[in-house]
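Inspection log for the structure reproduced underneath, given as structure tokens.
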Amino acid sequence: MNIPESPELRITELGAGVVKRATVLADGRELFYYDDPGSALGPERAVDARQLDERPETATMRQDILTGDWITFATKRQNRVMMPSADADPLAPQTPTNPSEVPSLYDVAVFENRSPSFGPALNTAVGGAPAASDPTRGLDDLAELGIGRTRSSVGRCEVVCFSPDTAGSFGTQSVTRARTVIEAWADRTAALSELPGIEQVFPFENRGEAIGVTLPHPHGQLYAYPYVTPRTQRLLDSIHRTAPDLMTRVLESERDSERVVLQGEHWTAFVPFAARWPLEVQLMPHRHVPDFAALTDAERDELAPLYLRLLRGVDALYPTPTPYIAAWHQAPVRVGRDTVRMRLELTSPRRAADKLKFLAGSEAAMSAWTAEILPEDAAARLRDAIASVPELRGSATRTTGETA
């Protein structure tokens, strides 16, 4: 494979003083550096001089005719790295002994996943990989049912490195770094939404081995799907069956409840009325906002310290860090923009210091849940835990159940 000689950095100034520097890796995958405001890093970035194999063909997805769901078969992911040592961390900056994915020291870095579940319609990597064999043909085509239906898993998967450190999570970052990541989420949400065939963009963080994390490096991911996800389809159906302002009314109801755990001028965090998991929190903006890209600077500024305090409160519940999935639900790209409000859904199977909730027959097979902890009790414990966490500078938030 030919190696790019010296890809030119494309520099963009974003909000909050964040600077984006865009380049490519040795196999043509895109890489974006997001520099903190006032970053100590210089303006230059090293060239990725690795000899890499061509990128794999885009995976295939098959339709489950009994549910209409599309299942991706990304067989190349079987060979991805599993829990490497710190000196072999593929998300750390490259060193002479560690040919990792990021050539230079960074504040925040985002790059295309080397083992993606969803790939390009036309693979433009250096060396010329084949195009997707059977790309999707729109939402109407995907909604049709038929035995043996397949499509190429056209989309994009990106890795979001919160820090060059080899251990930690989003909650261990500074307020400044959290604000840089939020700016990166907004920038990538806007860019991915513009790609052909993309129907929904999903930022998320998996934290902890109990969740299935394969890399201890502080990072999250971005999935750009070629369809509207099943969870969002169910939400759209509920909105259709009730009223367009359903999510506004849900937030008003939760803010009037004793399940509020943290709130500010622009955001409220609460344990939902019908929480499934032992630990389940939603964080929602007060204004109708479809995704990160639509947030105002003020909303992004408040989110950074508020979200950090929520995560640190979660970790204050027990003597050891709690495993979780932090899922940022965003409105689809083309449908439901005026009715689906973005929200965080943070869930954990941890039901005690030394106990996890496992999804067995009823939950796993029938999606019929039984919860062991009342949401009001879970909210009270989490409020107390958050109250034990020091205020973060710039955080105008409360931990009582009173509305703003």
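In the structure tokens, chains take letters A, B, ... by order of appearance, with residues numbered from 1 within each chain and ligands from 1 in the order shown.
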May I have a table of the residues of stretch 154-270 of chain A lying at most 12 Å from stretch 348-372 of chain A, giving each one's closest pair of atoms and their distance in Å to one decimal, counting only C-alpha atoms, ordered by chain and ascending residue number, as a tab-separated table?
residue	atom	partner	partner_atom	distance
A:Asn206	CA	A:Ser348	CA	10.2
A:Arg207	CA	A:Ser348	CA	9.5
A:Gly208	CA	A:Ser348	CA	10.0
A:Glu209	CA	A:Pro349	CA	11.9
A:Ala210	CA	A:Pro349	CA	8.5
A:Ile211	CA	A:Ser348	CA	8.3
A:Gly212	CA	A:Pro349	CA	12.0
Requested in this report: DSSP on the backbone, then: every residue of stretch 206-287 of chain A marked strand (DSSP E or B), written as a list in words.
Outcome: Asn206, Arg207, His219, Gly220, Gln221, Leu222, Tyr223, Ala224, Tyr225, Val260, Val261, Leu262, Gln263, Trp267, Thr268, Ala269, Phe270, Leu279, Glu280, Val281, Gln282, Leu283, Met284 and Pro285 of chain A
Report summary line: Residue with the minimum atom-to-atom distance to A:Gly138, picked from A:Glu199, A:Glu112, A:Glu44, A:Asp297 with only C-alpha atoms counted, is A:Glu199
Requested in this report: Determine, counting only C-alpha atoms, which protein, DNA and RNA residues have an atom within 12 Å of an atom of A:Ser174; residues of the same chain fewer than 3 positions away are not included. Present the result as a ChimeraX atom specification.
Outcome: /A:36,107,162-163,168-171,177-181,304-309,312,392-394
Could you write those residues out with C-alpha atoms, as a PDB file, in the first residue's frame?
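Once everything was written out, this is again.pdb:
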ATOM      1  CA  ASP A  36      -8.536  22.423  24.062  1.00  0.00           C
ATOM      2  CA  ASP A 107      -6.142  16.638  23.707  1.00  0.00           C
ATOM      3  CA  PHE A 162     -11.304  11.793  25.558  1.00  0.00           C
ATOM      4  CA  SER A 163      -7.664  12.010  26.618  1.00  0.00           C
ATOM      5  CA  GLY A 168      -9.995   6.851  33.025  1.00  0.00           C
ATOM      6  CA  SER A 169     -13.409   7.747  31.603  1.00  0.00           C
ATOM      7  CA  PHE A 170     -15.405  10.819  30.644  1.00  0.00           C
ATOM      8  CA  GLY A 171     -16.104  11.474  34.323  1.00  0.00           C
ATOM      9  CA  ARG A 177     -11.700  18.782  28.446  1.00  0.00           C
ATOM     10  CA  ALA A 178     -15.362  17.796  28.807  1.00  0.00           C
ATOM     11  CA  ARG A 179     -16.327  20.974  26.955  1.00  0.00           C
ATOM     12  CA  THR A 180     -13.900  20.063  24.143  1.00  0.00           C
ATOM     13  CA  VAL A 181     -15.464  16.613  23.827  1.00  0.00           C
ATOM     14  CA  ALA A 304     -19.782  20.098  30.728  1.00  0.00           C
ATOM     15  CA  PRO A 305     -19.672  20.557  34.540  1.00  0.00           C
ATOM     16  CA  LEU A 306     -23.183  19.214  35.093  1.00  0.00           C
ATOM     17  CA  TYR A 307     -22.537  15.955  33.256  1.00  0.00           C
ATOM     18  CA  LEU A 308     -19.203  15.508  35.042  1.00  0.00           C
ATOM     19  CA  ARG A 309     -20.870  15.996  38.417  1.00  0.00           C
ATOM     20  CA  ARG A 312     -18.881  11.503  39.663  1.00  0.00           C
ATOM     21  CA  LEU A 392     -17.276  22.133  39.696  1.00  0.00           C
ATOM     22  CA  ARG A 393     -16.326  25.623  38.607  1.00  0.00           C
ATOM     23  CA  GLY A 394     -18.953  27.023  36.284  1.00  0.00           C
TER      24      GLY A 394
END
**Report entry** A:Thr296 environment, 12 Å, only C-alpha atoms, sequence neighbours closer than 6 positions dropped, as a list in words
**Finding:** Gly15, Ala16, Ile182, Glu183, Ala186, His266, Pro285, Arg287, His288, Val289, Pro290, Glu302 and Leu303 of chain A
Query raised in the report: Which is closest to A:Ile325 among A:Val213, A:Val261, A:Met284, A:Ile65, if we use only C-alpha atoms?
Result: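 With only C-alpha atoms as the atom set, the closest residue is A:Val213.
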Requested in this report: Find the spatial neighbours of stretch 220-223 of chain A, counting only C-alpha atoms, within a cut-off of 8 Å - ignore same-chain residues fewer than 2 positions away - and output them as a list of chain:residue names.
Outcome: A:Phe118, A:Gly155, A:Arg156, A:Cys157, A:Glu158, A:Val159, A:Val160, A:Cys161, A:Phe162, A:Val201, A:Phe202, A:Pro203, A:Phe204, A:Glu205, A:Asn206, A:Pro218, A:Tyr225
Generate the output file for the selected residues, N, CA, C and O atoms, as a PDB file, in the first residue's frame.
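For reference, selection-v5.pdb as written:
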ATOM      1  N   PHE A 118     -20.235  -0.565  10.660  1.00  0.00           N
ATOM      2  CA  PHE A 118     -20.798   0.080   9.480  1.00  0.00           C
ATOM      3  C   PHE A 118     -19.671   0.757   8.714  1.00  0.00           C
ATOM      4  O   PHE A 118     -18.830   1.427   9.315  1.00  0.00           O
ATOM      5  N   GLY A 155     -22.535   2.994   6.556  1.00  0.00           N
ATOM      6  CA  GLY A 155     -22.612   3.928   7.666  1.00  0.00           C
ATOM      7  C   GLY A 155     -21.207   4.294   8.103  1.00  0.00           C
ATOM      8  O   GLY A 155     -20.270   4.251   7.299  1.00  0.00           O
ATOM      9  N   ARG A 156     -21.056   4.616   9.355  1.00  0.00           N
ATOM     10  CA  ARG A 156     -19.715   4.989   9.827  1.00  0.00           C
ATOM     11  C   ARG A 156     -19.628   4.763  11.325  1.00  0.00           C
ATOM     12  O   ARG A 156     -20.587   4.999  12.067  1.00  0.00           O
ATOM     13  N   CYS A 157     -18.472   4.289  11.768  1.00  0.00           N
ATOM     14  CA  CYS A 157     -18.169   4.113  13.189  1.00  0.00           C
ATOM     15  C   CYS A 157     -16.890   4.882  13.497  1.00  0.00           C
ATOM     16  O   CYS A 157     -15.876   4.686  12.825  1.00  0.00           O
ATOM     17  N   GLU A 158     -16.948   5.742  14.497  1.00  0.00           N
ATOM     18  CA  GLU A 158     -15.786   6.533  14.879  1.00  0.00           C
ATOM     19  C   GLU A 158     -15.479   6.327  16.356  1.00  0.00           C
ATOM     20  O   GLU A 158     -16.375   6.086  17.172  1.00  0.00           O
ATOM     21  N   VAL A 159     -14.199   6.430  16.687  1.00  0.00           N
ATOM     22  CA  VAL A 159     -13.721   6.352  18.067  1.00  0.00           C
ATOM     23  C   VAL A 159     -13.435   7.768  18.547  1.00  0.00           C
ATOM     24  O   VAL A 159     -12.811   8.560  17.830  1.00  0.00           O
ATOM     25  N   VAL A 160     -13.891   8.092  19.758  1.00  0.00           N
ATOM     26  CA  VAL A 160     -13.667   9.416  20.348  1.00  0.00           C
ATOM     27  C   VAL A 160     -12.774   9.242  21.565  1.00  0.00           C
ATOM     28  O   VAL A 160     -13.208   8.718  22.600  1.00  0.00           O
ATOM     29  N   CYS A 161     -11.522   9.658  21.458  1.00  0.00           N
ATOM     30  CA  CYS A 161     -10.574   9.554  22.575  1.00  0.00           C
ATOM     31  C   CYS A 161     -10.683  10.811  23.422  1.00  0.00           C
ATOM     32  O   CYS A 161     -10.377  11.913  22.953  1.00  0.00           O
ATOM     33  N   PHE A 162     -11.098  10.649  24.679  1.00  0.00           N
ATOM     34  CA  PHE A 162     -11.304  11.793  25.558  1.00  0.00           C
ATOM     35  C   PHE A 162     -10.001  12.384  26.067  1.00  0.00           C
ATOM     36  O   PHE A 162      -9.971  13.526  26.539  1.00  0.00           O
ATOM     37  N   VAL A 201     -27.475   9.394  14.179  1.00  0.00           N
ATOM     38  CA  VAL A 201     -26.126   9.458  14.734  1.00  0.00           C
ATOM     39  C   VAL A 201     -26.213   9.267  16.244  1.00  0.00           C
ATOM     40  O   VAL A 201     -27.010   9.928  16.923  1.00  0.00           O
ATOM     41  N   PHE A 202     -25.352   8.388  16.764  1.00  0.00           N
ATOM     42  CA  PHE A 202     -25.441   7.955  18.160  1.00  0.00           C
ATOM     43  C   PHE A 202     -24.091   8.050  18.850  1.00  0.00           C
ATOM     44  O   PHE A 202     -23.209   7.225  18.624  1.00  0.00           O
ATOM     45  N   PRO A 203     -23.861   9.054  19.721  1.00  0.00           N
ATOM     46  CA  PRO A 203     -22.659   9.087  20.566  1.00  0.00           C
ATOM     47  C   PRO A 203     -22.888   8.284  21.849  1.00  0.00           C
ATOM     48  O   PRO A 203     -23.952   8.379  22.461  1.00  0.00           O
ATOM     49  N   PHE A 204     -21.877   7.524  22.271  1.00  0.00           N
ATOM     50  CA  PHE A 204     -22.039   6.755  23.497  1.00  0.00           C
ATOM     51  C   PHE A 204     -20.679   6.427  24.108  1.00  0.00           C
ATOM     52  O   PHE A 204     -19.646   6.481  23.447  1.00  0.00           O
ATOM     53  N   GLU A 205     -20.723   6.094  25.407  1.00  0.00           N
ATOM     54  CA  GLU A 205     -19.538   5.628  26.123  1.00  0.00           C
ATOM     55  C   GLU A 205     -19.891   4.350  26.858  1.00  0.00           C
ATOM     56  O   GLU A 205     -20.865   4.310  27.617  1.00  0.00           O
ATOM     57  N   ASN A 206     -19.115   3.303  26.628  1.00  0.00           N
ATOM     58  CA  ASN A 206     -19.185   2.086  27.433  1.00  0.00           C
ATOM     59  C   ASN A 206     -18.095   2.175  28.494  1.00  0.00           C
ATOM     60  O   ASN A 206     -16.937   2.431  28.166  1.00  0.00           O
ATOM     61  N   PRO A 218      -9.695   5.976  28.168  1.00  0.00           N
ATOM     62  CA  PRO A 218     -10.912   6.794  28.237  1.00  0.00           C
ATOM     63  C   PRO A 218     -11.398   7.195  26.844  1.00  0.00           C
ATOM     64  O   PRO A 218     -10.775   8.016  26.171  1.00  0.00           O
ATOM     65  N   TYR A 225     -25.866   5.356  11.653  1.00  0.00           N
ATOM     66  CA  TYR A 225     -26.639   4.211  11.168  1.00  0.00           C
ATOM     67  C   TYR A 225     -27.295   4.494   9.812  1.00  0.00           C
ATOM     68  O   TYR A 225     -27.712   5.635   9.553  1.00  0.00           O
TER      69      TYR A 225
END
Query raised in the report: Smallest atom-to-atom distance to A:Gln330: which of A:Ser238, A:Thr268, A:Ser257, A:Ser193, using only C-alpha atoms?
Result: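 Among A:Ser238, A:Thr268, A:Ser257, A:Ser193, it is A:Ser193 that comes nearest to A:Gln330.
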Report task. Pick out the residues sitting within 7 Å of stretch 226-233 of chain A, and hand them over as a list in words; count only C-alpha atoms, and ignore anything fewer than 2 positions along from it in its own chain. Result ->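 Using only C-alpha atoms, the neighbours found are Leu139, Val154, Gly155, Gly197, Ile198, Glu199, Gln200, Ala224, Leu235, Leu236, Asp237 and Pro332 of chain A.
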For the selection you just gave me, I'd like the residues written to a file as a short mmCIF file (atom, residue, chain, number, x, y, z; two decimals), in the first residue's frame, keeping C-alpha atoms.
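Listing of out09.cif after writing:
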data_model
loop_
_atom_site.label_atom_id
_atom_site.label_comp_id
_atom_site.auth_asym_id
_atom_site.auth_seq_id
_atom_site.Cartn_x
_atom_site.Cartn_y
_atom_site.Cartn_z
CA LEU A 139 -36.16 4.13 4.73
CA VAL A 154 -23.35 1.39 4.95
CA GLY A 155 -22.61 3.93 7.67
CA GLY A 197 -27.50 7.20 3.51
CA ILE A 198 -27.13 8.16 7.19
CA GLU A 199 -30.39 8.18 9.14
CA GLN A 200 -29.28 8.53 12.79
CA ALA A 224 -23.86 6.63 12.13
CA LEU A 235 -40.38 6.42 20.56
CA LEU A 236 -41.70 7.83 17.26
CA ASP A 237 -44.66 5.46 17.52
CA PRO A 332 -33.01 10.92 13.39
#
**Report entry** Minimum-distance residue to A:Ala26, chosen among A:Glu101, A:Pro43, A:Ala74, A:Ala331 (using only C-alpha atoms)
**Finding:**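 With only C-alpha atoms as the atom set, the closest residue is A:Glu101.
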